[in-house]
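Have a look at entry07.pdb; it's PDB, C-alpha atoms and all ligand atoms:
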```pdb
ATOM      1  CA  MET A  15      -8.688   6.441  18.282
ATOM      2  CA  LYS A  16      -5.794   4.984  16.246
ATOM      3  CA  ARG A  17      -4.380   7.189  13.490
ATOM      4  CA  ILE A  18      -3.389   5.831  10.079
ATOM      5  CA  ALA A  19      -0.975   7.484   7.648
ATOM      6  CA  ILE A  20      -1.125   6.185   4.083
ATOM      7  CA  PHE A  21       1.749   6.271   1.600
ATOM      8  CA  ALA A  22       0.833   6.117  -2.092
ATOM      9  CA  SER A  23       2.721   6.816  -5.323
ATOM     10  CA  GLY A  24       0.092   6.824  -8.053
ATOM     11  CA  SER A  25      -3.623   6.425  -8.604
ATOM     12  CA  GLY A  26      -4.488   5.870  -4.968
ATOM     13  CA  SER A  27      -7.649   3.824  -5.443
ATOM     14  CA  ASN A  28      -6.668   1.690  -2.434
ATOM     15  CA  ALA A  29      -5.985   4.842  -0.431
ATOM     16  CA  GLU A  30      -9.485   6.099  -1.272
ATOM     17  CA  ASN A  31     -11.033   2.752  -0.358
ATOM     18  CA  ILE A  32      -9.255   2.731   3.017
ATOM     19  CA  ILE A  33     -10.207   6.347   3.771
ATOM     20  CA  THR A  34     -13.862   5.648   2.928
ATOM     21  CA  TYR A  35     -13.898   2.448   4.999
ATOM     22  CA  PHE A  36     -12.616   4.171   8.129
ATOM     23  CA  ASN A  37     -14.897   7.194   7.584
ATOM     24  CA  THR A  38     -17.759   4.713   7.888
ATOM     25  CA  THR A  39     -16.578   2.328  10.596
ATOM     26  CA  LYS A  40     -14.902   4.970  12.796
ATOM     27  CA  SER A  41     -12.585   2.325  14.275
ATOM     28  CA  ALA A  42      -9.606   4.450  13.197
ATOM     29  CA  ILE A  43      -8.941   7.626  11.287
ATOM     30  CA  VAL A  44      -6.761   8.359   8.272
ATOM     31  CA  THR A  45      -4.858  11.489   9.249
ATOM     32  CA  PHE A  46      -2.567  12.040   6.248
ATOM     33  CA  VAL A  47      -1.684  10.701   2.839
ATOM     34  CA  PHE A  48       1.994  10.990   1.882
ATOM     35  CA  CYS A  49       2.963  10.908  -1.779
ATOM     36  CA  ASN A  50       6.276  11.101  -3.633
ATOM     37  CA  SER A  51       4.884  12.056  -7.053
ATOM     38  CA  LYS A  52       3.535  15.518  -7.847
ATOM     39  CA  LYS A  53       1.261  14.335 -10.659
ATOM     40  CA  ALA A  54      -0.238  11.383  -8.766
ATOM     41  CA  LYS A  55      -4.003  11.034  -9.001
ATOM     42  CA  VAL A  56      -4.127  10.371  -5.284
ATOM     43  CA  PHE A  57      -3.908  14.150  -4.695
ATOM     44  CA  ASP A  58      -7.273  14.679  -6.463
ATOM     45  CA  ARG A  59      -8.809  11.922  -4.398
ATOM     46  CA  CYS A  60      -7.537  13.452  -1.145
ATOM     47  CA  LYS A  61      -8.866  16.854  -2.119
ATOM     48  CA  ARG A  62     -12.307  15.389  -2.782
ATOM     49  CA  LEU A  63     -12.223  13.365   0.451
ATOM     50  CA  LYS A  64     -10.849  16.289   2.464
ATOM     51  CA  ILE A  65      -7.789  14.403   3.694
ATOM     52  CA  PRO A  66      -4.503  16.327   3.950
ATOM     53  CA  ALA A  67      -1.955  15.137   1.398
ATOM     54  CA  VAL A  68       1.784  15.736   1.715
ATOM     55  CA  LEU A  69       4.166  15.757  -1.244
ATOM     56  CA  PHE A  70       7.726  14.784  -0.411
ATOM     57  CA  ASN A  71      10.943  14.196  -2.327
ATOM     58  CA  ARG A  72      13.904  11.812  -2.069
ATOM     59  CA  THR A  73      15.872  14.102   0.235
ATOM     60  CA  ASP A  74      12.931  14.442   2.642
ATOM     61  CA  PHE A  75      12.471  10.693   2.724
ATOM     62  CA  PHE A  76      15.960   9.231   2.602
ATOM     63  CA  GLU A  77      18.228  11.928   3.964
ATOM     64  CA  SER A  78      16.283  13.795   6.630
ATOM     65  CA  GLU A  79      14.110  13.169   9.662
ATOM     66  CA  LYS A  80      11.338  15.358   8.207
ATOM     67  CA  ILE A  81       8.854  12.584   7.392
ATOM     68  CA  LEU A  82       9.686  10.647  10.548
ATOM     69  CA  THR A  83       9.006  13.713  12.719
ATOM     70  CA  GLN A  84       5.683  14.316  11.026
ATOM     71  CA  LEU A  85       4.685  10.665  11.351
ATOM     72  CA  LYS A  86       5.560  10.524  15.045
ATOM     73  CA  ASP A  87       3.140  13.401  15.623
ATOM     74  CA  THR A  88       0.299  12.130  13.461
ATOM     75  CA  ALA A  89       0.274   8.340  13.056
ATOM     76  CA  ASP A  90       0.108   5.086  15.031
ATOM     77  CA  ILE A  91       0.220   2.881  11.967
ATOM     78  CA  ILE A  92       1.578   3.338   8.443
ATOM     79  CA  VAL A  93      -0.078   1.782   5.425
ATOM     80  CA  LEU A  94       1.685   1.470   2.075
ATOM     81  CA  ALA A  95      -1.007   1.381  -0.613
ATOM     82  CA  GLY A  96       0.704   1.362  -3.997
ATOM     83  CA  PHE A  97       3.845   3.010  -2.634
ATOM     84  CA  LEU A  98       6.934   2.257  -4.704
ATOM     85  CA  TRP A  99       9.951   3.425  -2.723
ATOM     86  CA  LYS A 100      11.855   1.267  -0.271
ATOM     87  CA  VAL A 101      11.169   2.346   3.310
ATOM     88  CA  PRO A 102      14.322   3.623   5.082
ATOM     89  CA  SER A 103      15.476   2.051   8.344
ATOM     90  CA  ASN A 104      14.775   5.139  10.468
ATOM     91  CA  LEU A 105      11.042   4.690   9.759
ATOM     92  CA  ILE A 106      11.122   0.912  10.183
ATOM     93  CA  ASN A 107      12.875   1.213  13.549
ATOM     94  CA  ALA A 108      10.480   3.895  14.783
ATOM     95  CA  PHE A 109       7.375   1.875  13.789
ATOM     96  CA  PRO A 110       8.212  -1.802  14.484
ATOM     97  CA  ASN A 111       5.443  -4.051  13.110
ATOM     98  CA  LYS A 112       3.405  -0.935  12.446
ATOM     99  CA  ILE A 113       4.137  -0.540   8.727
ATOM    100  CA  ILE A 114       1.951  -2.631   6.440
ATOM    101  CA  ASN A 115       2.270  -3.108   2.682
ATOM    102  CA  ILE A 116      -0.001  -4.641   0.076
ATOM    103  CA  HIS A 117       1.568  -6.516  -2.806
ATOM    104  CA  PRO A 118      -0.456  -7.565  -5.880
ATOM    105  CA  ALA A 119       0.754 -11.183  -6.010
ATOM    106  CA  LEU A 120       1.139 -14.256  -3.849
ATOM    107  CA  LEU A 121       4.540 -13.576  -2.253
ATOM    108  CA  PRO A 122       7.215 -14.885  -2.311
ATOM    109  CA  LYS A 123       6.270 -15.209  -5.983
ATOM    110  CA  TYR A 124       6.533 -12.059  -8.095
ATOM    111  CA  GLY A 125       8.144  -9.904  -5.389
ATOM    112  CA  GLY A 126      11.289  -7.811  -5.146
ATOM    113  CA  LYS A 127      12.714  -4.759  -6.853
ATOM    114  CA  GLY A 128      10.932  -3.785 -10.067
ATOM    115  CA  MET A 129       7.949  -5.998  -9.300
ATOM    116  CA  TYR A 130       5.061  -3.614  -8.905
ATOM    117  CA  GLY A 131       1.717  -2.847 -10.519
ATOM    118  CA  MET A 132       1.390  -3.981 -14.137
ATOM    119  CA  HIS A 133       4.914  -5.481 -14.131
ATOM    120  CA  VAL A 134       3.589  -8.119 -11.749
ATOM    121  CA  HIS A 135       0.446  -8.810 -13.781
ATOM    122  CA  ASN A 136       2.430  -9.010 -17.041
ATOM    123  CA  ALA A 137       4.773 -11.583 -15.468
ATOM    124  CA  VAL A 138       1.852 -13.608 -14.098
ATOM    125  CA  LYS A 139       0.292 -13.651 -17.583
ATOM    126  CA  GLU A 140       3.617 -14.512 -19.224
ATOM    127  CA  ASN A 141       4.032 -17.517 -16.934
ATOM    128  CA  LYS A 142       0.481 -18.730 -17.650
ATOM    129  CA  GLU A 143      -0.384 -18.893 -13.956
ATOM    130  CA  SER A 144      -3.783 -20.393 -13.174
ATOM    131  CA  GLU A 145      -4.114 -18.289 -10.012
ATOM    132  CA  THR A 146      -2.727 -15.141  -8.449
ATOM    133  CA  GLY A 147      -3.653 -13.029  -5.449
ATOM    134  CA  ILE A 148      -2.711 -10.417  -2.900
ATOM    135  CA  THR A 149      -0.307 -10.404   0.025
ATOM    136  CA  ILE A 150      -0.554  -8.050   2.982
ATOM    137  CA  HIS A 151       2.640  -8.048   5.034
ATOM    138  CA  PHE A 152       4.708  -6.130   7.548
ATOM    139  CA  VAL A 153       7.489  -4.078   6.032
ATOM    140  CA  ASN A 154      11.141  -4.743   6.723
ATOM    141  CA  GLU A 155      14.269  -3.405   5.050
ATOM    142  CA  ASN A 156      13.993  -5.687   2.005
ATOM    143  CA  TYR A 157      11.380  -5.308  -0.714
ATOM    144  CA  ASP A 158       8.382  -7.609  -0.114
ATOM    145  CA  GLU A 159      10.081  -9.790   2.511
ATOM    146  CA  GLY A 160       8.413  -8.867   5.811
ATOM    147  CA  ALA A 161       6.202 -11.302   7.719
ATOM    148  CA  ILE A 162       3.010 -12.170   5.888
ATOM    149  CA  ILE A 163      -0.221 -11.179   7.619
ATOM    150  CA  PHE A 164      -2.790 -12.227   5.027
ATOM    151  CA  GLN A 165      -3.130 -13.651   1.527
ATOM    152  CA  ALA A 166      -6.134 -14.122  -0.744
ATOM    153  CA  THR A 167      -6.271 -15.904  -4.071
ATOM    154  CA  THR A 168      -8.152 -15.435  -7.324
ATOM    155  CA  GLN A 169      -8.456 -17.892 -10.199
ATOM    156  CA  LEU A 170      -7.311 -16.873 -13.671
ATOM    157  CA  GLU A 171      -8.686 -17.858 -17.071
ATOM    158  CA  SER A 172      -6.273 -18.429 -19.962
ATOM    159  CA  THR A 173      -8.099 -15.599 -21.756
ATOM    160  CA  ASP A 174      -7.469 -13.058 -18.953
ATOM    161  CA  SER A 175      -5.307 -10.136 -20.123
ATOM    162  CA  PRO A 176      -2.879  -8.403 -17.736
ATOM    163  CA  GLU A 177      -5.535  -5.681 -17.393
ATOM    164  CA  ASP A 178      -8.163  -8.283 -16.438
ATOM    165  CA  ILE A 179      -5.714  -9.651 -13.857
ATOM    166  CA  ALA A 180      -5.187  -6.136 -12.475
ATOM    167  CA  GLN A 181      -8.946  -5.748 -12.123
ATOM    168  CA  LYS A 182      -9.302  -9.043 -10.242
ATOM    169  CA  ILE A 183      -6.449  -8.023  -7.933
ATOM    170  CA  HIS A 184      -7.943  -4.618  -7.228
ATOM    171  CA  ALA A 185     -11.262  -6.258  -6.333
ATOM    172  CA  LEU A 186      -9.458  -8.483  -3.787
ATOM    173  CA  GLU A 187      -7.542  -5.496  -2.419
ATOM    174  CA  TYR A 188     -10.686  -3.403  -1.924
ATOM    175  CA  GLU A 189     -12.441  -6.291  -0.200
ATOM    176  CA  HIS A 190      -9.670  -7.248   2.220
ATOM    177  CA  PHE A 191      -7.131  -4.484   2.821
ATOM    178  CA  PRO A 192      -9.196  -2.190   5.107
ATOM    179  CA  LYS A 193     -10.399  -5.138   7.217
ATOM    180  CA  VAL A 194      -6.879  -6.507   7.633
ATOM    181  CA  ILE A 195      -5.644  -3.046   8.675
ATOM    182  CA  GLU A 196      -8.501  -2.874  11.181
ATOM    183  CA  SER A 197      -7.590  -6.289  12.597
ATOM    184  CA  ILE A 198      -4.021  -5.113  13.216
ATOM    185  CA  ILE A 199      -5.191  -1.903  14.841
ATOM    186  CA  VAL A 200      -7.493  -3.561  17.358
ATOM    187  CA  GLN A 201      -4.857  -6.105  18.477
TER     188      GLN A 201
HETATM  189  C1  LIG B 301      -2.049  -1.955  -6.131
HETATM  190  O1  LIG B 301      -2.495  -3.044  -6.900
HETATM  191  C2  LIG B 301      -0.962  -2.401  -5.165
HETATM  192  O2  LIG B 301      -1.095  -3.716  -4.734
HETATM  193  C3  LIG B 301       0.265  -2.247  -6.035
HETATM  194  O3  LIG B 301       0.053  -1.070  -6.755
HETATM  195  C4  LIG B 301      -1.346  -0.923  -7.008
HETATM  196  C5  LIG B 301      -1.715   0.501  -6.644
HETATM  197  O4  LIG B 301      -3.032   0.784  -7.051
HETATM  198  N1  LIG B 301       1.447  -2.181  -5.215
HETATM  199  C6  LIG B 301       2.617  -2.653  -5.621
HETATM  200  O5  LIG B 301       2.794  -3.138  -6.726
HETATM  201  C7  LIG B 301       3.755  -2.519  -4.601
HETATM  202  N2  LIG B 301       4.826  -3.396  -4.923
HETATM  203  P1  LIG B 301      -3.775   2.068  -6.481
HETATM  204  O6  LIG B 301      -2.797   3.243  -6.585
HETATM  205  O7  LIG B 301      -4.952   2.253  -7.374
HETATM  206  O8  LIG B 301      -4.137   1.776  -5.048
END
```
Translate the structure of the given file into structure tokens.
Amino acid sequence: MKRIAIFASGSGSNAENIITYFNTTKSAIVTFVFCNSKKAKVFDRCKRLKIPAVLFNRTDFFESEKILTQLKDTADIIVLAGFLWKVPSNLINAFPNKIINIHPALLPKYGGKGMYGMHVHNAVKENKESETGITIHFVNENYDEGAIIFQATTQLESTDSPEDIAQKIHALEYEHFPKVIESIIVQ
């Protein structure tokens, strides 16, 4: 059975959705959640779901082989679900086309450094977009530039607030992200 490691930085609602999906389908297993923020809500979710969660810092991630060693022992695929740090090249080289990210917009629009979470939805609102969506893509060394695997779109009303947009995006993410991960795993 394929093993998934999830990286998350904050709330972790996508992490929870993925864990629950694979608990049910049994086509893969989430072995660990890695998180770079001590106060992140994802730790409470992992505790409730009985999934081991690992806190790491910048030195662990960018200047040591600590995370890489742990991943080599525990994961076949790495899923970034609301993870905000750039992935270093030692991880990318060790897991070619095995690191997947979700971005809350239709890349290449609204991607790059500083474009995450509500920043994206605020910019979409500011630009009066009539639609937005999600992009699931492989991770390379540049923010949000790896090959696109899947996109889905949602229509926006002129009355939608950035929070309404965030809600529409989360709904798309919950619907599609686990299934797209599963499709990569069974390839
Ligand atoms: C998600 O909408 C995800 O697409 C976004 O952060 C949110 C995390 O929510 N990721 C990025 O913006 C990455 N650039 P969650 O913690 O509740 O899953």
Would you kindly translate the PyMOL selection byres (((chain A and resi 56) around 8) and not hetatm) into the concrete residues it picks from this file, as a PyMOL selection string?
chain A and resi 22-27+29-30+49+54-55+57-60
Counting only C-alpha atoms, the residue of A:Ile162, A:Met129, A:Ile183, A:Ala19 that sits nearest A:Gly147
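Closest to A:Gly147 of all the choices is A:Ile183.
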Give me the residues of chain A that have any atom at most 10 Å from an atom of ligand LIG 301 (chain B); for each, the nearest atom pair and the distance in Å, rounded to one decimal. Use all atoms listed in the file, sort by chain and number, and format it as JSON lines.
```
{"residue": "A:Phe21", "atom": "CA", "partner": "B:LIG301", "partner_atom": "O6", "distance": 9.8}
{"residue": "A:Ala22", "atom": "CA", "partner": "B:LIG301", "partner_atom": "O6", "distance": 6.5}
{"residue": "A:Ser23", "atom": "CA", "partner": "B:LIG301", "partner_atom": "O6", "distance": 6.7}
{"residue": "A:Gly24", "atom": "CA", "partner": "B:LIG301", "partner_atom": "O6", "distance": 4.8}
{"residue": "A:Ser25", "atom": "CA", "partner": "B:LIG301", "partner_atom": "O6", "distance": 3.9}
{"residue": "A:Gly26", "atom": "CA", "partner": "B:LIG301", "partner_atom": "O6", "distance": 3.5}
{"residue": "A:Ser27", "atom": "CA", "partner": "B:LIG301", "partner_atom": "O7", "distance": 3.7}
{"residue": "A:Asn28", "atom": "CA", "partner": "B:LIG301", "partner_atom": "O8", "distance": 3.6}
{"residue": "A:Ala29", "atom": "CA", "partner": "B:LIG301", "partner_atom": "O8", "distance": 5.8}
{"residue": "A:Glu30", "atom": "CA", "partner": "B:LIG301", "partner_atom": "O8", "distance": 7.8}
{"residue": "A:Asn31", "atom": "CA", "partner": "B:LIG301", "partner_atom": "O8", "distance": 8.4}
{"residue": "A:Ile32", "atom": "CA", "partner": "B:LIG301", "partner_atom": "O8", "distance": 9.6}
{"residue": "A:Ala54", "atom": "CA", "partner": "B:LIG301", "partner_atom": "O6", "distance": 8.8}
{"residue": "A:Lys55", "atom": "CA", "partner": "B:LIG301", "partner_atom": "O6", "distance": 8.2}
{"residue": "A:Val56", "atom": "CA", "partner": "B:LIG301", "partner_atom": "O6", "distance": 7.4}
{"residue": "A:Leu94", "atom": "CA", "partner": "B:LIG301", "partner_atom": "C7", "distance": 8.0}
{"residue": "A:Ala95", "atom": "CA", "partner": "B:LIG301", "partner_atom": "O8", "distance": 5.4}
{"residue": "A:Gly96", "atom": "CA", "partner": "B:LIG301", "partner_atom": "C5", "distance": 3.7}
{"residue": "A:Phe97", "atom": "CA", "partner": "B:LIG301", "partner_atom": "C7", "distance": 5.9}
{"residue": "A:Leu98", "atom": "CA", "partner": "B:LIG301", "partner_atom": "C7", "distance": 5.7}
{"residue": "A:Trp99", "atom": "CA", "partner": "B:LIG301", "partner_atom": "C7", "distance": 8.8}
{"residue": "A:Lys100", "atom": "CA", "partner": "B:LIG301", "partner_atom": "N2", "distance": 9.6}
{"residue": "A:Asn115", "atom": "CA", "partner": "B:LIG301", "partner_atom": "C7", "distance": 7.5}
{"residue": "A:Ile116", "atom": "CA", "partner": "B:LIG301", "partner_atom": "O2", "distance": 5.0}
{"residue": "A:His117", "atom": "CA", "partner": "B:LIG301", "partner_atom": "O2", "distance": 4.3}
{"residue": "A:Pro118", "atom": "CA", "partner": "B:LIG301", "partner_atom": "O2", "distance": 4.1}
{"residue": "A:Ala119", "atom": "CA", "partner": "B:LIG301", "partner_atom": "O2", "distance": 7.8}
{"residue": "A:Tyr124", "atom": "CA", "partner": "B:LIG301", "partner_atom": "N2", "distance": 9.4}
{"residue": "A:Gly125", "atom": "CA", "partner": "B:LIG301", "partner_atom": "N2", "distance": 7.3}
{"residue": "A:Gly126", "atom": "CA", "partner": "B:LIG301", "partner_atom": "N2", "distance": 7.8}
{"residue": "A:Lys127", "atom": "CA", "partner": "B:LIG301", "partner_atom": "N2", "distance": 8.2}
{"residue": "A:Gly128", "atom": "CA", "partner": "B:LIG301", "partner_atom": "N2", "distance": 8.0}
{"residue": "A:Met129", "atom": "CA", "partner": "B:LIG301", "partner_atom": "N2", "distance": 6.0}
{"residue": "A:Tyr130", "atom": "CA", "partner": "B:LIG301", "partner_atom": "O5", "distance": 3.2}
{"residue": "A:Gly131", "atom": "CA", "partner": "B:LIG301", "partner_atom": "O5", "distance": 4.0}
{"residue": "A:Met132", "atom": "CA", "partner": "B:LIG301", "partner_atom": "O5", "distance": 7.6}
{"residue": "A:His133", "atom": "CA", "partner": "B:LIG301", "partner_atom": "O5", "distance": 8.1}
{"residue": "A:Val134", "atom": "CA", "partner": "B:LIG301", "partner_atom": "O5", "distance": 7.1}
{"residue": "A:His135", "atom": "CA", "partner": "B:LIG301", "partner_atom": "O5", "distance": 9.4}
{"residue": "A:Gly147", "atom": "CA", "partner": "B:LIG301", "partner_atom": "O2", "distance": 9.7}
{"residue": "A:Ile148", "atom": "CA", "partner": "B:LIG301", "partner_atom": "O2", "distance": 7.1}
{"residue": "A:Thr149", "atom": "CA", "partner": "B:LIG301", "partner_atom": "O2", "distance": 8.2}
{"residue": "A:Ile150", "atom": "CA", "partner": "B:LIG301", "partner_atom": "O2", "distance": 8.9}
{"residue": "A:Tyr157", "atom": "CA", "partner": "B:LIG301", "partner_atom": "N2", "distance": 8.0}
{"residue": "A:Asp158", "atom": "CA", "partner": "B:LIG301", "partner_atom": "N2", "distance": 7.3}
{"residue": "A:Ala180", "atom": "CA", "partner": "B:LIG301", "partner_atom": "O1", "distance": 6.9}
{"residue": "A:Gln181", "atom": "CA", "partner": "B:LIG301", "partner_atom": "O1", "distance": 8.7}
{"residue": "A:Lys182", "atom": "CA", "partner": "B:LIG301", "partner_atom": "O1", "distance": 9.7}
{"residue": "A:Ile183", "atom": "CA", "partner": "B:LIG301", "partner_atom": "O1", "distance": 6.4}
{"residue": "A:His184", "atom": "CA", "partner": "B:LIG301", "partner_atom": "O1", "distance": 5.7}
{"residue": "A:Ala185", "atom": "CA", "partner": "B:LIG301", "partner_atom": "O1", "distance": 9.4}
{"residue": "A:Leu186", "atom": "CA", "partner": "B:LIG301", "partner_atom": "O1", "distance": 9.4}
{"residue": "A:Glu187", "atom": "CA", "partner": "B:LIG301", "partner_atom": "O2", "distance": 7.1}
{"residue": "A:Tyr188", "atom": "CA", "partner": "B:LIG301", "partner_atom": "O8", "distance": 8.9}
{"residue": "A:Phe191", "atom": "CA", "partner": "B:LIG301", "partner_atom": "O2", "distance": 9.7}
```
Using all atoms listed in the file: which of A:Lys40, A:Asn50, A:Leu120, A:Ala89 has the shortest distance to A:Asp74:
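Using all atoms listed in the file, the shortest distance to A:Asp74 belongs to A:Asn50.
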Nearest to A:Ser144: which of A:Gln84, A:Thr168, A:Ser197, A:Asn156 is it, counting all atoms listed in the file?
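Going through A:Gln84, A:Thr168, A:Ser197, A:Asn156 one by one, the smallest distance to A:Ser144 is for A:Thr168.
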For the PyMOL selection byres (((chain A and resi 65) around 9) and not hetatm), applied here, can you spell out every residue it catches as a ChimeraX atom specification?
/A:33,44-47,59-64,66-67
Can you give me, as a VMD selection string, the residues this file yields under the PyMOL selection byres (((chain A and resi 92) around 7) and not hetatm)?
chain A and resid 18 to 20 89 to 91 93 to 94 112 to 114
Would you give the centre and edge lengths, in Å to one decimal, of a box along x, y and z around the listed atoms of stretch 40-45 of chain A, with 4 Å added to each side, as lines of an AutoDock Vina configuration file?
```
center_x = -9.9
center_y = 6.9
center_z = 11.3
size_x = 18.0
size_y = 17.2
size_z = 14.0
```
Can you work out the spacing between atom CA of A:Phe36 and atom CA of A:Phe48 in Å, to one decimal?
17.3 Å
Which of these residues is nearest to A:Thr88, using all atoms listed in the file: A:Ile198, A:Met15, A:Pro102, A:Pro176?
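Using all atoms listed in the file, the shortest distance to A:Thr88 belongs to A:Met15.
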